[in-house]
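Q: Dropping in structure.cif, which is mmCIF, N, CA and C atoms:
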data_structure
loop_
_atom_site.label_atom_id
_atom_site.label_comp_id
_atom_site.auth_asym_id
_atom_site.auth_seq_id
_atom_site.Cartn_x
_atom_site.Cartn_y
_atom_site.Cartn_z
N MET A 227 89.40 80.58 137.99
CA MET A 227 88.14 80.04 137.50
C MET A 227 87.23 81.20 137.07
N SER A 228 86.49 80.97 136.05
CA SER A 228 85.56 81.96 135.52
C SER A 228 84.33 82.10 136.41
N LYS A 229 83.68 83.23 136.27
CA LYS A 229 82.39 83.43 136.93
C LYS A 229 81.34 82.80 136.02
N LEU A 230 80.24 82.36 136.61
CA LEU A 230 79.15 81.78 135.84
C LEU A 230 77.85 82.44 136.27
N PHE A 231 77.10 82.90 135.29
CA PHE A 231 75.79 83.49 135.51
C PHE A 231 74.78 82.65 134.72
N VAL A 232 73.78 82.11 135.39
CA VAL A 232 72.77 81.29 134.73
C VAL A 232 71.43 82.01 134.84
N VAL A 233 70.78 82.18 133.69
CA VAL A 233 69.51 82.88 133.65
C VAL A 233 68.55 82.15 132.71
N GLU A 234 67.28 82.44 132.89
CA GLU A 234 66.25 81.96 131.97
C GLU A 234 65.67 83.17 131.28
N GLY A 235 65.20 82.98 130.05
CA GLY A 235 64.62 84.10 129.35
C GLY A 235 64.01 83.68 128.03
N SER A 236 63.49 84.68 127.35
CA SER A 236 62.87 84.47 126.04
C SER A 236 63.52 85.39 125.04
N ALA A 237 63.69 84.86 123.84
CA ALA A 237 64.25 85.64 122.73
C ALA A 237 63.58 85.17 121.45
N GLY A 238 63.41 86.08 120.53
CA GLY A 238 62.82 85.72 119.25
C GLY A 238 63.86 85.34 118.21
N THR A 239 65.10 85.80 118.42
CA THR A 239 66.17 85.55 117.47
C THR A 239 67.48 85.29 118.22
N TRP A 240 68.47 84.79 117.48
CA TRP A 240 69.77 84.58 118.11
C TRP A 240 70.38 85.90 118.55
N ARG A 241 70.11 86.99 117.82
CA ARG A 241 70.64 88.29 118.22
C ARG A 241 70.06 88.72 119.57
N GLU A 242 68.77 88.48 119.77
CA GLU A 242 68.15 88.82 121.06
C GLU A 242 68.73 87.98 122.18
N ALA A 243 69.00 86.71 121.92
CA ALA A 243 69.61 85.84 122.93
C ALA A 243 71.00 86.36 123.30
N LEU A 244 71.77 86.78 122.29
CA LEU A 244 73.09 87.36 122.55
C LEU A 244 72.98 88.67 123.32
N LYS A 245 71.95 89.44 123.03
CA LYS A 245 71.74 90.71 123.74
C LYS A 245 71.51 90.44 125.23
N ILE A 246 70.73 89.41 125.54
CA ILE A 246 70.46 89.06 126.94
C ILE A 246 71.75 88.66 127.64
N THR A 247 72.48 87.72 127.06
CA THR A 247 73.69 87.21 127.72
C THR A 247 74.77 88.29 127.79
N SER A 248 74.95 89.03 126.72
CA SER A 248 75.96 90.10 126.71
C SER A 248 75.60 91.18 127.72
N GLY A 249 74.30 91.47 127.84
CA GLY A 249 73.85 92.48 128.79
C GLY A 249 74.17 92.11 130.22
N ILE A 250 74.00 90.84 130.56
CA ILE A 250 74.32 90.39 131.91
C ILE A 250 75.82 90.48 132.16
N LEU A 251 76.61 90.05 131.19
CA LEU A 251 78.07 90.13 131.33
C LEU A 251 78.52 91.58 131.47
N LEU A 252 77.86 92.50 130.76
CA LEU A 252 78.18 93.92 130.85
C LEU A 252 77.77 94.47 132.23
N GLU A 253 76.57 94.12 132.68
CA GLU A 253 76.11 94.56 134.01
C GLU A 253 77.05 94.10 135.12
N GLN A 254 77.65 92.95 134.95
CA GLN A 254 78.55 92.38 135.96
C GLN A 254 79.99 92.87 135.78
N ASN A 255 80.18 93.82 134.86
CA ASN A 255 81.48 94.43 134.58
C ASN A 255 82.53 93.41 134.12
N CYS A 256 82.06 92.40 133.39
CA CYS A 256 82.97 91.36 132.88
C CYS A 256 83.44 91.66 131.46
N VAL A 257 82.68 92.49 130.74
CA VAL A 257 82.99 92.76 129.33
C VAL A 257 82.92 94.25 129.04
N CYS A 258 83.48 94.62 127.90
CA CYS A 258 83.47 96.02 127.44
C CYS A 258 82.14 96.34 126.76
N ASP A 259 81.90 97.63 126.56
CA ASP A 259 80.65 98.09 125.94
C ASP A 259 80.42 97.50 124.55
N ASP A 260 81.48 97.18 123.83
CA ASP A 260 81.35 96.68 122.46
C ASP A 260 81.30 95.15 122.37
N PHE A 261 81.18 94.48 123.49
CA PHE A 261 81.18 93.01 123.51
C PHE A 261 80.05 92.44 122.66
N TYR A 262 78.83 92.94 122.85
CA TYR A 262 77.67 92.42 122.10
C TYR A 262 77.89 92.54 120.60
N GLU A 263 78.27 93.71 120.13
CA GLU A 263 78.45 93.93 118.69
C GLU A 263 79.51 92.98 118.12
N ASN A 264 80.56 92.76 118.89
CA ASN A 264 81.61 91.86 118.43
C ASN A 264 81.18 90.40 118.45
N CYS A 265 80.34 90.03 119.40
CA CYS A 265 79.79 88.67 119.41
C CYS A 265 78.89 88.45 118.19
N VAL A 266 78.08 89.44 117.86
CA VAL A 266 77.21 89.34 116.69
C VAL A 266 78.05 89.19 115.42
N GLU A 267 79.05 90.04 115.27
CA GLU A 267 79.91 89.98 114.08
C GLU A 267 80.58 88.60 113.96
N ARG A 268 81.08 88.10 115.09
CA ARG A 268 81.74 86.80 115.05
C ARG A 268 80.74 85.69 114.74
N GLU A 269 79.54 85.78 115.30
CA GLU A 269 78.51 84.76 115.06
C GLU A 269 78.11 84.72 113.59
N ILE A 270 78.06 85.87 112.95
CA ILE A 270 77.74 85.92 111.52
C ILE A 270 78.82 85.21 110.70
N ASN A 271 80.07 85.47 111.05
CA ASN A 271 81.19 84.90 110.28
C ASN A 271 81.56 83.48 110.69
N PHE A 272 81.38 83.16 111.97
CA PHE A 272 81.74 81.84 112.49
C PHE A 272 80.64 81.37 113.44
N PRO A 273 79.57 80.78 112.90
CA PRO A 273 78.44 80.36 113.74
C PRO A 273 78.87 79.38 114.83
N THR A 274 78.10 79.36 115.92
CA THR A 274 78.47 78.56 117.08
C THR A 274 77.42 77.56 117.53
N GLY A 275 76.37 77.37 116.75
CA GLY A 275 75.37 76.37 117.11
C GLY A 275 75.94 74.97 116.98
N LEU A 276 75.55 74.07 117.87
CA LEU A 276 76.06 72.71 117.80
C LEU A 276 75.13 71.86 116.92
N THR A 277 74.38 70.94 117.48
CA THR A 277 73.57 70.04 116.66
C THR A 277 72.15 69.95 117.19
N GLU A 278 71.27 69.28 116.44
CA GLU A 278 69.90 69.07 116.88
C GLU A 278 69.89 68.28 118.19
N SER A 279 70.76 67.30 118.32
CA SER A 279 70.78 66.49 119.54
C SER A 279 71.43 67.23 120.70
N CYS A 280 72.12 68.31 120.40
CA CYS A 280 72.74 69.14 121.43
C CYS A 280 72.41 70.61 121.11
N PRO A 281 71.23 71.05 121.51
CA PRO A 281 70.74 72.38 121.13
C PRO A 281 71.39 73.52 121.93
N ILE A 282 72.71 73.63 121.75
CA ILE A 282 73.52 74.61 122.47
C ILE A 282 74.29 75.45 121.48
N ALA A 283 74.41 76.75 121.76
CA ALA A 283 75.29 77.64 121.00
C ALA A 283 76.33 78.19 121.97
N ILE A 284 77.53 78.43 121.45
CA ILE A 284 78.64 78.88 122.28
C ILE A 284 79.24 80.16 121.71
N PRO A 285 78.47 81.26 121.70
CA PRO A 285 79.01 82.51 121.14
C PRO A 285 80.12 83.09 122.01
N HIS A 286 81.00 83.81 121.37
CA HIS A 286 82.10 84.49 122.07
C HIS A 286 82.77 85.44 121.10
N THR A 287 83.72 86.19 121.60
CA THR A 287 84.51 87.08 120.77
C THR A 287 85.91 87.14 121.36
N SER A 288 86.74 87.97 120.79
CA SER A 288 88.14 88.01 121.22
C SER A 288 88.32 88.69 122.57
N LYS A 289 89.46 88.41 123.17
CA LYS A 289 89.75 88.86 124.54
C LYS A 289 89.85 90.38 124.68
N GLU A 290 90.03 91.10 123.59
CA GLU A 290 90.12 92.57 123.66
C GLU A 290 88.83 93.19 124.19
N HIS A 291 87.75 92.43 124.15
CA HIS A 291 86.45 92.95 124.56
C HIS A 291 86.02 92.41 125.93
N VAL A 292 86.97 91.81 126.64
CA VAL A 292 86.69 91.16 127.93
C VAL A 292 87.50 91.83 129.04
N LYS A 293 86.84 92.08 130.18
CA LYS A 293 87.51 92.63 131.36
C LYS A 293 87.88 91.54 132.35
N GLN A 294 86.96 90.60 132.57
CA GLN A 294 87.23 89.47 133.46
C GLN A 294 86.47 88.25 132.94
N GLU A 295 87.07 87.11 133.15
CA GLU A 295 86.52 85.87 132.60
C GLU A 295 85.17 85.52 133.23
N ALA A 296 84.25 85.11 132.35
CA ALA A 296 82.92 84.75 132.81
C ALA A 296 82.19 83.98 131.70
N VAL A 297 81.14 83.29 132.11
CA VAL A 297 80.23 82.63 131.18
C VAL A 297 78.82 83.02 131.60
N CYS A 298 78.01 83.40 130.63
CA CYS A 298 76.60 83.62 130.90
C CYS A 298 75.83 82.54 130.16
N ALA A 299 75.14 81.69 130.92
CA ALA A 299 74.33 80.61 130.36
C ALA A 299 72.87 81.02 130.38
N LEU A 300 72.25 81.01 129.22
CA LEU A 300 70.85 81.38 129.07
C LEU A 300 70.05 80.14 128.67
N ARG A 301 69.05 79.79 129.50
CA ARG A 301 68.11 78.73 129.12
C ARG A 301 66.89 79.43 128.55
N LEU A 302 66.62 79.16 127.30
CA LEU A 302 65.53 79.82 126.60
C LEU A 302 64.20 79.10 126.83
N ALA A 303 63.13 79.89 126.97
CA ALA A 303 61.79 79.32 127.13
C ALA A 303 61.39 78.57 125.86
N GLU A 304 61.75 79.12 124.72
CA GLU A 304 61.51 78.49 123.41
C GLU A 304 62.81 78.59 122.62
N PRO A 305 63.15 77.54 121.87
CA PRO A 305 64.40 77.58 121.10
C PRO A 305 64.42 78.70 120.06
N VAL A 306 65.62 79.15 119.74
CA VAL A 306 65.82 80.11 118.65
C VAL A 306 66.82 79.52 117.67
N GLU A 307 66.78 80.02 116.46
CA GLU A 307 67.63 79.49 115.40
C GLU A 307 69.02 80.13 115.42
N PHE A 308 70.02 79.29 115.49
CA PHE A 308 71.42 79.67 115.29
C PHE A 308 71.89 78.87 114.08
N TYR A 309 73.02 79.23 113.54
CA TYR A 309 73.60 78.42 112.48
C TYR A 309 74.68 77.54 113.08
N ARG A 310 74.88 76.39 112.42
CA ARG A 310 75.76 75.36 112.97
C ARG A 310 77.24 75.68 112.79
N MET A 311 77.99 75.30 113.80
CA MET A 311 79.44 75.47 113.81
C MET A 311 80.10 74.66 112.69
N ASP A 312 79.55 73.47 112.45
CA ASP A 312 80.16 72.58 111.45
C ASP A 312 79.59 72.74 110.04
N ASP A 313 78.53 73.54 109.89
CA ASP A 313 77.91 73.77 108.59
C ASP A 313 77.18 75.11 108.65
N SER A 314 77.85 76.17 108.25
CA SER A 314 77.31 77.52 108.42
C SER A 314 76.05 77.79 107.59
N GLU A 315 75.69 76.86 106.72
CA GLU A 315 74.45 77.00 105.93
C GLU A 315 73.27 76.34 106.62
N ALA A 316 73.54 75.47 107.60
CA ALA A 316 72.49 74.71 108.27
C ALA A 316 72.13 75.37 109.60
N ALA A 317 70.82 75.49 109.82
CA ALA A 317 70.33 76.08 111.06
C ALA A 317 70.06 74.98 112.08
N VAL A 318 70.10 75.38 113.35
CA VAL A 318 69.79 74.47 114.45
C VAL A 318 68.98 75.26 115.48
N GLN A 319 67.99 74.59 116.07
CA GLN A 319 67.19 75.21 117.11
C GLN A 319 67.92 75.07 118.44
N VAL A 320 68.24 76.19 119.07
CA VAL A 320 69.06 76.22 120.26
C VAL A 320 68.21 76.56 121.49
N LYS A 321 68.39 75.77 122.56
CA LYS A 321 67.70 76.02 123.84
C LYS A 321 68.62 76.64 124.87
N TYR A 322 69.94 76.45 124.69
CA TYR A 322 70.92 76.95 125.66
C TYR A 322 71.98 77.77 124.93
N VAL A 323 72.22 78.98 125.43
CA VAL A 323 73.26 79.85 124.89
C VAL A 323 74.30 80.03 125.99
N LEU A 324 75.52 79.63 125.71
CA LEU A 324 76.62 79.78 126.66
C LEU A 324 77.57 80.83 126.10
N ASN A 325 77.36 82.07 126.51
CA ASN A 325 78.19 83.17 126.00
C ASN A 325 79.47 83.23 126.81
N LEU A 326 80.60 83.06 126.13
CA LEU A 326 81.90 82.96 126.77
C LEU A 326 82.66 84.28 126.72
N ALA A 327 83.20 84.67 127.84
CA ALA A 327 84.06 85.87 127.92
C ALA A 327 85.36 85.43 128.58
N PHE A 328 86.38 85.20 127.76
CA PHE A 328 87.66 84.73 128.29
C PHE A 328 88.80 85.63 127.86
N LEU A 329 89.77 85.74 128.74
CA LEU A 329 90.98 86.52 128.46
C LEU A 329 92.07 85.65 127.83
N ASP A 330 91.96 84.35 128.02
CA ASP A 330 92.95 83.41 127.50
C ASP A 330 92.30 82.58 126.41
N ASP A 331 92.85 82.66 125.20
CA ASP A 331 92.26 81.92 124.07
C ASP A 331 92.22 80.42 124.33
N ASN A 332 93.17 79.91 125.08
CA ASN A 332 93.17 78.47 125.40
C ASN A 332 91.99 78.09 126.28
N GLU A 333 91.52 79.05 127.11
CA GLU A 333 90.35 78.78 127.96
C GLU A 333 89.12 78.47 127.11
N HIS A 334 88.93 79.22 126.01
CA HIS A 334 87.81 78.94 125.10
C HIS A 334 87.88 77.49 124.63
N LEU A 335 89.05 77.10 124.16
CA LEU A 335 89.23 75.76 123.62
C LEU A 335 89.00 74.69 124.68
N GLU A 336 89.51 74.93 125.89
CA GLU A 336 89.32 73.97 126.98
C GLU A 336 87.84 73.83 127.34
N LEU A 337 87.13 74.96 127.41
CA LEU A 337 85.71 74.89 127.76
C LEU A 337 84.92 74.20 126.65
N ILE A 338 85.20 74.53 125.41
CA ILE A 338 84.51 73.88 124.30
C ILE A 338 84.77 72.37 124.34
N SER A 339 85.99 71.99 124.64
CA SER A 339 86.33 70.58 124.76
C SER A 339 85.52 69.92 125.88
N ARG A 340 85.37 70.60 127.02
CA ARG A 340 84.57 70.06 128.13
C ARG A 340 83.11 69.92 127.73
N ILE A 341 82.61 70.92 126.99
CA ILE A 341 81.21 70.87 126.54
C ILE A 341 81.02 69.67 125.61
N ILE A 342 81.94 69.48 124.69
CA ILE A 342 81.84 68.36 123.75
C ILE A 342 81.88 67.02 124.50
N GLN A 343 82.72 66.93 125.51
CA GLN A 343 82.75 65.70 126.32
C GLN A 343 81.39 65.46 126.99
N CYS A 344 80.79 66.52 127.50
CA CYS A 344 79.50 66.39 128.19
C CYS A 344 78.39 65.97 127.24
N ILE A 345 78.40 66.52 126.03
CA ILE A 345 77.28 66.24 125.12
C ILE A 345 77.35 64.83 124.53
N LYS A 346 78.45 64.14 124.77
CA LYS A 346 78.51 62.74 124.36
C LYS A 346 77.55 61.91 125.21
N ASP A 347 77.18 62.42 126.37
CA ASP A 347 76.18 61.80 127.24
C ASP A 347 74.81 62.16 126.66
N ALA A 348 74.11 61.16 126.16
CA ALA A 348 72.83 61.39 125.49
C ALA A 348 71.81 62.10 126.37
N GLY A 349 71.90 61.94 127.69
CA GLY A 349 70.93 62.55 128.59
C GLY A 349 71.35 63.90 129.14
N PHE A 350 72.46 64.43 128.69
CA PHE A 350 73.01 65.67 129.25
C PHE A 350 72.02 66.84 129.16
N VAL A 351 71.50 67.11 127.97
CA VAL A 351 70.58 68.24 127.79
C VAL A 351 69.27 67.98 128.53
N GLU A 352 68.82 66.75 128.50
CA GLU A 352 67.59 66.41 129.22
C GLU A 352 67.74 66.68 130.71
N LYS A 353 68.90 66.35 131.27
CA LYS A 353 69.16 66.65 132.68
C LYS A 353 69.05 68.16 132.92
N MET A 354 69.65 68.94 132.04
CA MET A 354 69.62 70.40 132.19
C MET A 354 68.19 70.93 132.10
N ASP A 355 67.39 70.32 131.24
CA ASP A 355 66.00 70.77 131.06
C ASP A 355 65.17 70.65 132.32
N HIS A 356 65.52 69.69 133.19
CA HIS A 356 64.69 69.41 134.37
C HIS A 356 65.23 70.01 135.66
N MET A 357 66.23 70.87 135.55
CA MET A 357 66.82 71.49 136.75
C MET A 357 66.27 72.89 136.96
N SER A 358 66.24 73.29 138.23
CA SER A 358 65.95 74.70 138.52
C SER A 358 67.16 75.52 138.09
N VAL A 359 67.04 76.82 138.07
CA VAL A 359 68.17 77.69 137.70
C VAL A 359 69.32 77.48 138.68
N GLU A 360 69.00 77.36 139.96
CA GLU A 360 70.03 77.17 140.97
C GLU A 360 70.76 75.84 140.76
N GLU A 361 70.00 74.79 140.50
CA GLU A 361 70.61 73.47 140.24
C GLU A 361 71.46 73.51 138.97
N LEU A 362 70.95 74.19 137.96
CA LEU A 362 71.67 74.31 136.69
C LEU A 362 72.99 75.05 136.89
N ASN A 363 72.97 76.07 137.73
CA ASN A 363 74.18 76.82 138.02
C ASN A 363 75.25 75.91 138.63
N VAL A 364 74.88 75.13 139.62
CA VAL A 364 75.81 74.20 140.27
C VAL A 364 76.29 73.14 139.27
N PHE A 365 75.37 72.58 138.50
CA PHE A 365 75.68 71.54 137.52
C PHE A 365 76.69 72.04 136.48
N LEU A 366 76.43 73.23 135.92
CA LEU A 366 77.32 73.76 134.89
C LEU A 366 78.69 74.12 135.46
N LYS A 367 78.72 74.64 136.67
CA LYS A 367 80.02 74.92 137.30
C LYS A 367 80.83 73.64 137.43
N GLU A 368 80.17 72.58 137.88
CA GLU A 368 80.87 71.30 138.05
C GLU A 368 81.35 70.74 136.72
N LYS A 369 80.51 70.84 135.70
CA LYS A 369 80.84 70.24 134.41
C LYS A 369 81.82 71.06 133.59
N PHE A 370 81.67 72.37 133.61
CA PHE A 370 82.41 73.20 132.67
C PHE A 370 83.57 74.00 133.28
N LEU A 371 83.43 74.44 134.51
CA LEU A 371 84.40 75.38 135.03
C LEU A 371 85.49 74.78 135.90
N LYS A 372 85.35 73.54 136.28
CA LYS A 372 86.39 72.92 137.09
C LYS A 372 87.59 72.62 136.22
N LYS A 373 88.74 72.87 136.78
CA LYS A 373 90.01 72.63 136.05
C LYS A 373 90.44 71.20 136.29
#
So that I can check it, write out the structure of this file as structure tokens.
A:
Amino acid sequence: MSKLFVVEGSAGTWREALKITSGILLEQNCVCDDFYENCVEREINFPTGLTESCPIAIPHTSKEHVKQEAVCALRLAEPVEFYRMDDSEAAVQVKYVLNLAFLDDNEHLELISRIIQCIKDAGFVEKMDHMSVEELNVFLKEKFLKK
């Protein structure tokens, strides 16, 4: 099972949000020094924002930049603009950034599938909005990291 780090913070741009999440993953020795730069490059080429009704982005990069599996979830004080996964020309305001660091490419796909299942629940994001960081940590572990 992956490690999960849940934090709150403020960012003015999607790059700053990635800097926060990548920095935590680096501090926890889960990723290599070049993880942030590679996440930015991948985000430019393959955006990870979901939809207006699901204000979540799922940035990540390849396993070569990962030491141990982890997810850093950032709840933003104010949304920042990411571009949409399904339409790279369309922007979406994101409140939650789930930066994924996986060694197994299938793990990315499984987690994204779990996230998509969760967002089918119309109240999912609203539930997350009203939780403390500690409650959010437990909630996300239960929803996303259980096999």
Q: Using only N, CA and C atoms, which protein or nucleic acid residues come within 6.5 Å of region 318-328 of chain A? Drop anything in the same chain fewer than 4 positions from it, and give the result as a PyMOL selection string.
A: chain A and resi 247+275-278+281-289+292+294-302+304-310+334
Q: Would you write out, as a ChimeraX atom specification, every residue that the PyMOL selection byres ((chain A and resi 251-257) around 5) captures in this file?
A: /A:247-250,258-259,291-294
Q: Export, as a PDB file, in the coordinates of the input, the selected residues with N, CA and C atoms.
A:
ATOM      1  N   THR A 247      72.480  87.720 127.060  1.00  0.00           N
ATOM      2  CA  THR A 247      73.690  87.210 127.720  1.00  0.00           C
ATOM      3  C   THR A 247      74.770  88.290 127.790  1.00  0.00           C
ATOM      4  N   SER A 248      74.950  89.030 126.720  1.00  0.00           N
ATOM      5  CA  SER A 248      75.960  90.100 126.710  1.00  0.00           C
ATOM      6  C   SER A 248      75.600  91.180 127.720  1.00  0.00           C
ATOM      7  N   GLY A 249      74.300  91.470 127.840  1.00  0.00           N
ATOM      8  CA  GLY A 249      73.850  92.480 128.790  1.00  0.00           C
ATOM      9  C   GLY A 249      74.170  92.110 130.220  1.00  0.00           C
ATOM     10  N   ILE A 250      74.000  90.840 130.560  1.00  0.00           N
ATOM     11  CA  ILE A 250      74.320  90.390 131.910  1.00  0.00           C
ATOM     12  C   ILE A 250      75.820  90.480 132.160  1.00  0.00           C
ATOM     13  N   CYS A 258      83.480  94.620 127.900  1.00  0.00           N
ATOM     14  CA  CYS A 258      83.470  96.020 127.440  1.00  0.00           C
ATOM     15  C   CYS A 258      82.140  96.340 126.760  1.00  0.00           C
ATOM     16  N   ASP A 259      81.900  97.630 126.560  1.00  0.00           N
ATOM     17  CA  ASP A 259      80.650  98.090 125.940  1.00  0.00           C
ATOM     18  C   ASP A 259      80.420  97.500 124.550  1.00  0.00           C
ATOM     19  N   HIS A 291      87.750  92.430 124.150  1.00  0.00           N
ATOM     20  CA  HIS A 291      86.450  92.950 124.560  1.00  0.00           C
ATOM     21  C   HIS A 291      86.020  92.410 125.930  1.00  0.00           C
ATOM     22  N   VAL A 292      86.970  91.810 126.640  1.00  0.00           N
ATOM     23  CA  VAL A 292      86.690  91.160 127.930  1.00  0.00           C
ATOM     24  C   VAL A 292      87.500  91.830 129.040  1.00  0.00           C
ATOM     25  N   LYS A 293      86.840  92.080 130.180  1.00  0.00           N
ATOM     26  CA  LYS A 293      87.510  92.630 131.360  1.00  0.00           C
ATOM     27  C   LYS A 293      87.880  91.540 132.350  1.00  0.00           C
ATOM     28  N   GLN A 294      86.960  90.600 132.570  1.00  0.00           N
ATOM     29  CA  GLN A 294      87.230  89.470 133.460  1.00  0.00           C
ATOM     30  C   GLN A 294      86.470  88.250 132.940  1.00  0.00           C
TER      31      GLN A 294
END
Q: Can you pull out every residue from chain A that DSSP, working from the backbone, puts in strand (DSSP E or B), and format the result as a PyMOL selection string?
A: chain A and resi 229-235+257+275-277+280-283+286+292+296-310+317-327
Q: What is the atom C of Glu242 (chain A) to atom N of Ile342 (chain A) distance in Å?
A: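 If I compute the distance from atom C of Glu242 (chain A) to atom N of Ile342 (chain A), I get 22.9 Å.
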Q: So how far away is CA of Ser279 (chain A) from CA of Trp240 (chain A), in Å?
A: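 Taking CA of Trp240 (chain A) as the start and CA of Ser279 (chain A) as the end point, the length is 18.2 Å.
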Q: As a check of understanding, name the residues that the PyMOL selection byres (((chain A and resi 355-364 and name CA) around 9) and name CA) selects in the supplied structure, as a list in words.
A: Leu230, Phe231, Val232, Val233, Glu234, Ala299, Arg301, Phe350, Val351, Glu352, Lys353, Met354, Phe365, Leu366, Lys367, Glu368 and Lys369 of chain A
Q: Would you work out the distance separating CA of Leu371 (chain A) from atom N of Arg268 (chain A), expressed in Å to one decimal?
A: 23.9 Å
Q: Out of A:Ala237, A:Cys280, A:Val266, A:Leu244, which residue has the shortest atom-to-atom distance to Ile345 (chain A) when counting only C-alpha atoms?
A: A:Cys280
Q: Which neighbours of Ser314 (chain A) fall inside 8 Å, counting only N, CA and C atoms, when residues of the same chain fewer than 2 positions from it are skipped, and could you give them as a list in words?
A: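 That gives Asn271, Phe272, Pro273, Thr274, Phe308, Tyr309, Arg310, Met311, Asp312, Ala316 and Ala317 of chain A.
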Q: List every residue of chain A that DSSP, applied to the backbone of this structure, places in alpha helix (DSSP H), and write the result as an MDAnalysis selection string.
A: chainID A and resid 240:253 261:271 331:345 350:355 359:366
Q: Each side padded by 4 Å, which centre and which edge lengths in Å (one decimal) define the axis-aligned box around the listed atoms of region 351-370 of chain A? Give them as AutoDock Vina command-line options.
A:
--center_x 74.1 --center_y 72.0 --center_z 134.4 --size_x 26.9 --size_y 19.3 --size_z 21.2
